[in-house]
Each structure stands twice: as structure tokens, then as C-alpha cells.
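Everything below belongs to run33.cif, which stores mmCIF, C-alpha atoms.
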data_upload
loop_
_atom_site.label_atom_id
_atom_site.label_comp_id
_atom_site.auth_asym_id
_atom_site.auth_seq_id
_atom_site.Cartn_x
_atom_site.Cartn_y
_atom_site.Cartn_z
CA MET C 1 124.28 115.40 92.67
CA GLY C 2 126.78 116.47 95.33
CA GLU C 3 130.26 115.22 96.12
CA PRO C 4 130.11 111.69 97.58
CA ALA C 5 131.74 110.46 100.77
CA PHE C 6 134.88 108.65 99.53
CA ASN C 7 136.11 105.48 101.20
CA HIS C 8 138.30 104.01 98.46
CA GLY C 9 141.84 105.07 97.60
CA ILE C 10 143.54 104.76 94.20
CA ASP C 11 147.31 104.35 94.43
CA ALA C 12 149.90 104.90 91.71
CA ARG C 13 150.01 101.27 90.59
CA GLN C 14 146.22 101.08 90.27
CA LEU C 15 146.13 104.38 88.40
CA ARG C 16 148.80 103.20 85.95
CA ASP C 17 146.98 99.89 85.42
CA LEU C 18 143.69 101.70 84.75
CA SER C 19 145.38 104.14 82.38
CA ALA C 20 147.44 101.54 80.47
CA PRO C 21 144.77 100.92 77.75
CA LEU C 22 144.44 104.68 77.17
CA VAL C 23 147.89 106.29 77.32
CA ARG C 24 151.60 105.60 76.94
CA HIS C 25 154.64 106.73 78.91
CA GLN C 26 152.63 107.96 81.88
CA ARG C 27 154.39 110.01 84.57
CA LEU C 28 152.84 110.92 87.92
CA ASP C 29 153.95 113.71 90.21
CA ALA C 30 152.41 115.60 93.12
CA PRO C 31 153.70 117.95 95.85
CA ASP C 32 154.23 116.27 99.25
CA TRP C 33 153.39 112.82 97.89
CA ASP C 34 155.46 110.12 99.58
CA ARG C 35 155.01 107.72 96.58
CA ARG C 36 153.44 105.10 98.84
CA THR C 37 150.01 106.39 99.80
CA ALA C 38 147.01 106.70 97.49
CA LEU C 39 147.00 109.65 95.09
CA LEU C 40 143.24 109.82 94.65
CA ASP C 41 140.10 108.95 96.59
CA GLY C 42 137.07 107.57 94.81
CA HIS C 43 136.37 105.29 91.86
CA MET C 44 137.69 104.96 88.33
CA ARG C 45 137.05 102.35 85.65
CA VAL C 46 137.75 101.80 81.97
CA ALA C 47 135.41 99.75 79.78
CA GLU C 48 136.21 98.42 76.30
CA LEU C 49 132.81 98.69 74.60
CA GLN C 50 133.72 98.02 70.96
CA PRO C 51 137.00 97.54 69.13
CA GLY C 52 138.45 101.02 69.18
CA MET C 53 135.88 102.48 71.63
CA ARG C 54 136.82 102.88 75.31
CA LEU C 55 134.88 104.68 78.02
CA ARG C 56 136.56 105.94 81.20
CA LEU C 57 134.50 106.95 84.24
CA ALA C 58 136.10 108.81 87.14
CA GLU C 59 134.60 110.10 90.36
CA VAL C 60 137.65 111.15 92.34
CA ARG C 61 139.06 113.65 94.79
CA ASP C 62 142.71 114.68 94.44
CA ARG C 63 144.74 114.25 97.64
CA PHE C 64 147.98 116.00 96.68
CA GLY C 65 147.48 118.00 93.49
CA LEU C 66 148.38 115.29 91.00
CA THR C 67 149.96 116.17 87.68
CA SER C 68 149.72 113.25 85.26
CA ARG C 69 151.64 113.47 81.98
CA ALA C 70 151.41 110.93 79.17
CA GLU C 71 151.22 110.42 75.43
CA LEU C 72 147.83 109.85 73.84
CA PRO C 73 147.60 107.75 70.66
CA ALA C 74 145.95 109.21 67.57
CA GLY C 75 142.17 109.29 67.58
CA LEU C 76 139.25 111.28 68.95
CA LYS C 77 138.93 111.99 72.68
CA ILE C 78 135.54 113.15 73.98
CA ALA C 79 135.55 114.53 77.53
CA LEU C 80 132.49 115.36 79.61
CA VAL C 81 132.76 116.89 83.10
CA ILE C 82 129.39 116.75 84.85
CA ASP C 83 130.55 117.91 88.27
CA GLY C 84 133.69 119.45 89.73
CA ALA C 85 136.47 120.60 87.43
CA ALA C 86 139.36 119.25 85.36
CA ARG C 87 142.25 121.20 83.88
CA VAL C 88 143.77 119.33 80.94
CA ARG C 89 146.34 120.02 78.23
CA TYR C 90 146.46 118.47 74.76
CA GLY C 91 149.77 119.38 73.18
CA THR C 92 149.97 123.14 73.80
CA HIS C 93 146.18 123.61 74.18
CA GLU C 94 145.06 123.95 77.82
CA VAL C 95 141.37 123.85 78.77
CA PHE C 96 139.53 124.18 82.09
CA LEU C 97 136.52 121.86 81.93
CA GLY C 98 133.49 121.72 84.19
CA PRO C 99 130.28 123.60 85.02
CA GLY C 100 132.38 126.58 86.13
CA GLY C 101 135.09 126.29 83.47
CA ASN C 102 135.50 127.06 79.77
CA ALA C 103 133.12 124.28 78.76
CA THR C 104 131.41 121.14 80.01
CA GLY C 105 132.21 119.06 76.94
CA LEU C 106 135.31 118.85 74.78
CA VAL C 107 136.21 116.98 71.58
CA ALA C 108 139.94 116.62 70.90
CA ALA C 109 140.87 115.37 67.43
CA LEU C 110 144.42 114.01 67.50
CA PRO C 111 145.80 113.20 64.02
CA ARG C 112 148.91 111.69 65.60
CA ALA C 113 150.24 110.77 69.05
CA THR C 114 150.02 113.85 71.28
CA THR C 115 151.35 114.82 74.70
CA PHE C 116 148.69 115.13 77.37
CA ALA C 117 148.63 116.44 80.92
CA ARG C 118 146.01 116.49 83.67
CA LEU C 119 146.83 119.33 86.06
CA GLY C 120 145.27 118.60 89.43
CA GLN C 121 144.72 120.65 92.55
CA ALA C 122 144.90 119.30 96.10
CA GLY C 123 141.35 118.74 97.34
CA GLY C 124 139.95 119.09 93.81
CA PHE C 125 136.96 116.95 92.84
CA GLU C 126 135.78 115.75 89.44
CA ARG C 127 133.08 113.52 88.05
CA THR C 128 134.08 112.91 84.45
CA LEU C 129 133.57 110.63 81.47
CA THR C 130 136.08 110.30 78.67
CA LEU C 131 135.34 108.41 75.46
CA GLY C 132 138.23 107.39 73.21
CA LEU C 133 137.62 106.52 69.54
CA SER C 134 140.49 105.05 67.53
CA PRO C 135 141.29 106.03 63.91
CA HIS C 136 139.98 102.61 62.86
CA TRP C 137 136.63 103.16 64.64
CA LEU C 138 136.28 106.61 63.07
CA ALA C 139 137.06 105.27 59.60
CA ARG C 140 134.49 102.48 59.96
CA HIS C 141 131.82 105.04 60.91
CA GLY C 142 132.68 107.61 58.24
CA HIS C 143 134.47 110.17 60.42
CA SER C 144 138.10 109.78 59.37
CA GLY C 145 138.04 113.36 58.07
CA LEU C 146 138.14 114.60 61.67
CA LEU C 147 141.78 113.53 61.87
CA GLN C 148 142.98 115.61 58.95
CA GLY C 149 145.89 117.95 59.42
CA ALA C 150 149.00 117.72 61.54
CA MET C 151 148.04 119.35 64.85
CA PRO C 152 145.44 118.62 67.57
CA HIS C 153 142.08 120.29 66.97
CA LEU C 154 139.80 121.04 69.94
CA SER C 155 136.06 121.76 69.84
CA GLN C 156 134.02 122.75 72.92
CA TRP C 157 130.32 122.06 73.25
CA THR C 158 127.48 122.10 75.78
CA PRO C 159 125.90 118.64 76.14
CA SER C 160 122.10 118.37 76.08
CA PRO C 161 120.20 118.06 79.39
CA GLY C 162 119.17 114.55 78.38
CA LEU C 163 122.76 113.41 77.89
CA LEU C 164 123.81 114.95 81.21
CA ALA C 165 120.95 113.12 82.95
CA LEU C 166 122.07 109.81 81.42
CA ALA C 167 125.65 110.51 82.48
CA ALA C 168 124.64 111.25 86.07
CA GLN C 169 122.85 107.90 86.29
CA LEU C 170 126.15 106.08 85.65
CA PHE C 171 127.62 107.44 88.88
CA THR C 172 125.31 105.82 91.40
CA PRO C 173 127.31 103.67 93.88
CA GLU C 174 125.80 100.46 92.46
CA ARG C 175 126.67 101.26 88.85
CA LEU C 176 130.19 102.47 89.56
CA THR C 177 131.16 99.03 90.83
CA ARG C 178 128.87 96.88 88.70
CA ASP C 179 130.45 94.73 85.99
CA ASP C 180 128.10 92.45 84.08
CA ALA C 181 126.72 92.08 80.58
CA ALA C 182 123.56 94.12 81.22
CA HIS C 183 125.58 97.03 82.59
CA HIS C 184 127.93 96.76 79.64
CA LEU C 185 124.97 97.28 77.32
CA GLN C 186 123.96 100.37 79.32
CA LEU C 187 127.47 101.79 79.01
CA SER C 188 127.48 101.02 75.28
CA GLY C 189 124.18 102.84 74.80
CA PHE C 190 125.43 105.89 76.65
CA ALA C 191 128.74 105.89 74.75
CA MET C 192 126.94 105.90 71.41
CA ALA C 193 124.70 108.77 72.58
CA LEU C 194 127.77 110.69 73.77
CA ALA C 195 129.60 110.06 70.49
CA GLY C 196 126.53 111.12 68.51
CA GLU C 197 126.27 114.52 70.21
CA ALA C 198 129.99 115.19 70.20
CA LEU C 199 130.51 114.19 66.57
CA ALA C 200 127.65 116.47 65.56
CA VAL C 201 129.61 119.51 66.75
CA ALA C 202 133.11 118.32 65.82
CA ARG C 203 134.41 119.78 62.60
CA PRO C 204 137.47 118.84 60.54
CA PRO C 205 140.21 121.45 60.82
CA THR C 206 140.55 124.01 58.04
CA PRO C 207 142.92 122.44 55.50
CA LEU C 208 146.38 123.96 55.31
CA PRO C 209 147.83 125.01 51.97
CA GLN C 210 148.73 121.89 50.02
CA ARG C 211 152.50 122.22 50.17
CA LEU C 212 152.49 123.02 53.90
CA GLU C 213 150.09 120.18 54.63
CA ALA C 214 152.25 117.72 52.71
CA SER C 215 155.31 118.74 54.68
CA HIS C 216 153.73 118.14 58.10
CA SER C 217 151.13 115.39 57.75
CA ALA C 218 152.05 111.75 58.22
CA PRO C 219 151.50 109.70 55.04
CA VAL C 220 148.59 107.30 54.96
CA ASP C 221 149.78 103.77 55.70
CA ARG C 222 147.95 101.95 52.94
CA ARG C 223 149.03 98.50 54.08
CA LEU C 224 147.61 99.06 57.56
CA ALA C 225 144.43 100.41 55.97
CA ARG C 226 144.24 97.16 53.97
CA LEU C 227 144.82 95.17 57.17
CA MET C 228 141.87 96.94 58.83
CA ALA C 229 139.73 96.17 55.80
CA LEU C 230 140.61 92.48 56.18
CA VAL C 231 139.64 92.66 59.87
CA ASP C 232 136.31 94.38 59.13
CA ASP C 233 135.47 91.91 56.35
CA GLY C 234 136.13 88.94 58.64
CA GLN C 235 139.02 87.74 56.48
CA ALA C 236 141.46 88.04 59.39
CA ARG C 237 139.50 85.54 61.48
CA GLY C 238 141.56 82.38 61.94
CA ALA C 239 144.61 83.88 60.21
CA THR C 240 147.90 84.06 62.06
CA GLN C 241 149.92 87.25 62.17
CA ASP C 242 152.38 85.61 59.76
CA ASP C 243 149.50 84.92 57.35
CA LEU C 244 148.40 88.55 57.50
CA ALA C 245 151.93 89.85 56.96
CA ARG C 246 152.32 87.65 53.85
CA ARG C 247 148.98 88.84 52.46
CA LEU C 248 150.11 92.42 52.92
CA GLY C 249 153.51 91.75 51.32
CA MET C 250 155.61 92.71 54.32
CA SER C 251 157.62 91.07 57.07
CA LEU C 252 155.94 90.20 60.35
CA SER C 253 158.31 92.40 62.35
CA ASN C 254 157.66 95.38 60.08
CA LEU C 255 153.89 94.87 60.33
CA GLN C 256 153.99 94.61 64.11
CA ARG C 257 156.22 97.67 64.44
CA ARG C 258 154.08 99.85 62.17
CA PHE C 259 150.85 98.68 63.77
CA ARG C 260 152.05 99.53 67.28
CA ALA C 261 153.31 102.94 66.13
CA GLN C 262 149.91 103.83 64.64
CA GLN C 263 147.49 102.13 67.05
CA GLY C 264 149.41 102.28 70.33
CA GLU C 265 149.09 98.55 71.08
CA SER C 266 150.38 95.26 69.77
CA LEU C 267 148.77 93.62 66.75
CA GLY C 268 148.18 90.41 68.69
CA ARG C 269 146.38 92.23 71.48
CA PHE C 270 144.20 94.12 69.00
CA LEU C 271 143.20 91.01 67.04
CA ARG C 272 142.44 88.98 70.16
CA ARG C 273 140.28 91.73 71.67
CA HIS C 274 138.52 92.43 68.36
CA HIS C 275 137.47 88.82 67.89
CA LEU C 276 136.48 88.37 71.54
CA THR C 277 134.37 91.52 71.30
CA LEU C 278 132.59 90.12 68.24
CA ALA C 279 131.89 86.97 70.24
CA ARG C 280 130.60 88.96 73.22
CA ASP C 281 128.26 90.93 70.97
CA ALA C 282 126.94 87.68 69.48
CA LEU C 283 126.25 86.37 72.99
CA THR C 284 124.58 89.51 74.33
CA ARG C 285 122.73 90.80 71.27
CA GLU C 286 121.93 87.67 69.27
CA GLY C 287 121.78 85.01 71.98
CA ALA C 288 124.36 82.87 70.19
CA SER C 289 125.52 79.66 71.82
CA VAL C 290 128.89 79.57 73.55
CA GLU C 291 130.17 77.16 70.89
CA ALA C 292 129.10 79.50 68.07
CA ALA C 293 130.67 82.48 69.83
CA ALA C 294 133.91 80.55 70.29
CA ALA C 295 134.03 79.75 66.57
CA LEU C 296 133.34 83.40 65.75
CA ALA C 297 136.35 84.40 67.87
CA GLY C 298 138.53 81.80 66.13
CA TYR C 299 138.74 79.28 68.99
CA THR C 300 138.35 75.57 68.29
CA ARG C 301 138.07 74.61 71.98
CA ALA C 302 135.41 76.15 74.21
CA PRO C 303 137.56 75.97 77.42
CA ASN C 304 140.32 78.04 75.79
CA PHE C 305 137.72 80.51 74.60
CA ALA C 306 136.16 80.75 78.06
CA THR C 307 139.55 81.42 79.67
CA ALA C 308 140.43 84.19 77.22
CA PHE C 309 136.92 85.66 77.43
CA LYS C 310 136.96 85.89 81.22
CA ARG C 311 140.45 87.38 81.21
CA GLU C 312 139.26 90.09 78.81
CA PHE C 313 135.81 90.90 80.21
CA GLY C 314 135.78 89.60 83.79
CA LEU C 315 132.97 87.06 83.31
CA THR C 316 132.53 83.77 81.47
CA PRO C 317 130.69 83.42 78.14
CA SER C 318 127.93 81.50 79.92
CA GLU C 319 127.51 84.28 82.49
CA CYS C 320 127.42 86.85 79.70
CA ARG C 321 124.75 84.91 77.83
CA ALA C 322 122.73 84.36 81.04
CA ALA C 323 122.79 88.09 81.81
CA ARG C 324 121.39 88.77 78.36
CA ALA C 325 118.60 86.23 78.91
CA GLY C 326 117.80 87.78 82.31
CA ALA C 327 117.65 91.27 80.87
CA SER C 328 115.28 90.08 78.11
CA ALA C 329 113.01 88.33 80.61
CA SER C 330 112.67 91.42 82.80
CA ALA C 331 112.02 93.76 79.86
#
Spit out the file's structure as C-alpha cells when you get a sec.
Amino acid sequence: MGEPAFNHGIDARQLRDLSAPLVRHQRLDAPDWDRRTALLDGHMRVAELQPGMRLRLAEVRDRFGLTSRAELPAGLKIALVIDGAARVRYGTHEVFLGPGGNATGLVAALPRATTFARLGQAGGFERTLTLGLSPHWLARHGHSGLLQGAMPHLSQWTPSPGLLALAAQLFTPERLTRDDAAHHLQLSGFAMALAGEALAVARPPTPLPQRLEASHSAPVDRRLARLMALVDDGQARGATQDDLARRLGMSLSNLQRRFRAQQGESLGRFLRRHHLTLARDALTREGASVEAAAALAGYTRAPNFATAFKREFGLTPSECRAARAGASASA
């Protein structure tokens, strides 16, 4: 697969909007950039596939040699460069990724928020996928041990030919711009395959001596762990943030502050997206009715549910359910 003919520019505002779910405090800089014209040519999208699982696809050419600096929240970042090259820095660790670089695949375990930089080159091209897994997602799937320690831990790996073939299929012109329930299922399937291969090679860092580890590692926030258990058990459904704070024995402001510090987003945003994602899965995987999906997401009125659902996923619950029915009929 060669470099495509680009006819779409990505300006600074669009790039910041696309990056907002993934990073904080982003700064963009490039030589000879007038701060008005597009920084990149090509396509980029971010898909929320599960609570705590986000997939970013980028097929771009760098116009000016963009350097993008930001802060990444704690979690696991899985990068795959299938064409071109990308030079990235996690904390003090710099890696050149791509078929001609240090590695094609990279797993970065970030126990805490970490500085990140993408170091571009004018005229440079990359076709990349980046999968982000939150601490909550990792804990639910039995991989919380990967975030032990105090410093970022990087593992390089060579993806299988089968995974690379699946990745290449996502970059056809039709699929880069497609946004419907059937395509969402395809992205979800690929993301799980990508996570499976990457997690198989990722290893927890070698533990530091106990006294040194205790002096550098952030303490486990047991109340937030209990909150996540309430979310996973379904006990948070229908509860207000005030209700949750009372159950955890803390003030609402303290809960919101600690949640944002650990997860990198507001508690309200997380809860809303989590419950809407459960509803979307019920529509696409189980064929649930719109009314049942609305109740699952904690909405008593279907119109309010439909408005929130479309704002989150770009299509209505009925369209999502119809796409699932169409995919089943053509199978």
C-alpha cells in the first residue's frame, strides 16, 4: 500500500479537537507555520470503542515538520506504524517507529500522567494506529499489573502478518470516512486483536526495592477503585454524582477532583459515556429495543436518550439498531 494522494487538510483546531479525548495540555509548533493554514494533509479519526478503550487512526503527511507536545493520562498506549515513520517520545524515552525504524509496534505502560511528544519532519508520511487503554479497562481485564512502578515502561514488538493485513484494510478511502454501527464493530474487532497481541508481549516492569518503590509510586486510591467496582456492577446506574459521593464517604467536589486527576476527564463525562456505550452494545450485539437501551443508560425518556446518543456516537439509536439488523441479514 503506497502513499495516497491527499486532498484533505487538518488545521490546528481540528487537530486539537481530535486529540482532546486522548491528551491534555497540547501544544503545537512547526517551523514556517503561519498558524492559519493546515498543519497536516490526510485523514485522522478517534473512535471510542468501549469505556476506557479508544482507537486513533491517522493517515497523514506533515506539511511543516510539526512538533506536538502534550500530557498523556495514565494507562497503556499501543502504537502500530504500518507505513511511513513516526518519531515519538514518552517522558525521556524516544523511539523511531515504522518499517524502517526501531520497531513497527510499541507498548507504552504509563503508571501516571506522562509527557509526550510527536516529532515530525516536513514532508514526512505516516499511516498509524494507536490504541489507548485506561487503568480501569486494564483492571477489568486482569492487566493492572502492567502499570506497576513509577516510570513509563516501553516494550517493542513485531506484529503478526495477519494483524498487519487487518490494519491495512482499515485505511481504504471508504473505511477512513465511514461511521456507522457495522464499521464500529469492525474497529472493535481489530482493537481487541491488536490488544491481544500487544498484551502478550507486554511485561510488568521489574519491581524496585520496596523502600524505593514506596517513595516514588502513587498510592492506590481505594475510594476510586470502589467507585469503579460500583460502575462495573451496575450499581452506579441511575445514581447521581452526589449519591455516589455519599456512598463513598467523601464530598462531591473531592470525588470529582480526584477522579479527573486519575482518569483525565470529568466524572460526569465518564459516567454518561459508559452508560451510553452499554446501551450501544445492547443495540448492536443483542438487538435490544430503543426503549430497553434507554433504560439501560439510565434515561426515562427516549427522546432525551436519542439526543445524547447521537451527540456521542454520531447516529441515532434506531440507526444503530438498523445497521445491526442489516449486517445480520447480509451475513
(request) May I have the residues within 10 Å of region 172-177 of chain C as a list of chain:residue names, using all atoms listed in the file and disregarding those fewer than 3 positions away in the same chain? (result)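 In the requested format, the answer is C:Met1, C:Pro4, C:His43, C:Met44, C:Arg45, C:Leu57, C:Ala58, C:Glu59, C:Ala168, C:Gln169, C:Asp180, C:His183, C:Gln186, C:Leu187.
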Between region 15-112 of chain C and region 251-263 of chain C, at 10 Å or less, what are the per-residue closest atom pairs and their distances in Å? Count all atoms listed in the file, order by chain and rising residue number, and return it as CSV.
residue,atom,partner,partner_atom,distance
C:Gly52,CA,C:Gln263,CA,9.4
C:Pro73,CA,C:Gln263,CA,6.7
C:Ala74,CA,C:Gln263,CA,7.3
C:Gly75,CA,C:Gln263,CA,8.9
C:Arg112,CA,C:Gln262,CA,8.0
(message) Applying 6 Å and only C-alpha atoms, which residues near Phe125 (chain C) remain after dropping the ones on its own chain fewer than 5 positions away? List them as a ChimeraX atom specification.
(response) /C:60-61,84
Output C-alpha atoms of each residue in that selection to a file, as a short mmCIF file (atom, residue, chain, number, x, y, z; two decimals), keeping the file's coordinate frame.
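Contents of again.cif, freshly written:
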data_model
loop_
_atom_site.label_atom_id
_atom_site.label_comp_id
_atom_site.auth_asym_id
_atom_site.auth_seq_id
_atom_site.Cartn_x
_atom_site.Cartn_y
_atom_site.Cartn_z
CA VAL C 60 137.65 111.15 92.34
CA ARG C 61 139.06 113.65 94.79
CA GLY C 84 133.69 119.45 89.73
#
(request) For the structure provided, state which residues fall under the PyMOL selection byres ((chain C and resi 240) around 12), and present them as JSON, numbers by chain. (result) {"C": [235, 236, 237, 238, 239, 241, 242, 243, 244, 245, 246, 247, 252, 267, 268, 271, 272, 298]}
(message) Under the rule that all atoms listed in the file are counted, which of C:Pro135, C:Gly9, C:Gly105, C:Gly142 is the nearest residue to Leu163 (chain C)?
(response)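 For Leu163 (chain C), the nearest of the candidates is C:Gly105.
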(request) Would you mind reading off the distance between CA of His184 (chain C) and CA of Ala47 (chain C), one decimal, in Å? (result) 8.1 Å
(request) Please indicate the distance in Å from CA of Phe116 (chain C) to CA of Arg54 (chain C), rounded to one decimal place. (result)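 The value is 17.2 Å.
Note that the spacing between CA of Arg273 (chain C) and CA of Leu76 (chain C) amounts to 19.8 Å.
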(request) Report as a VMD selection string the full result of the PyMOL selection byres ((chain C and resi 119) around 8) when it is applied to this structure. (result) chain C and resid 65 to 68 86 to 89 117 to 118 120 to 121
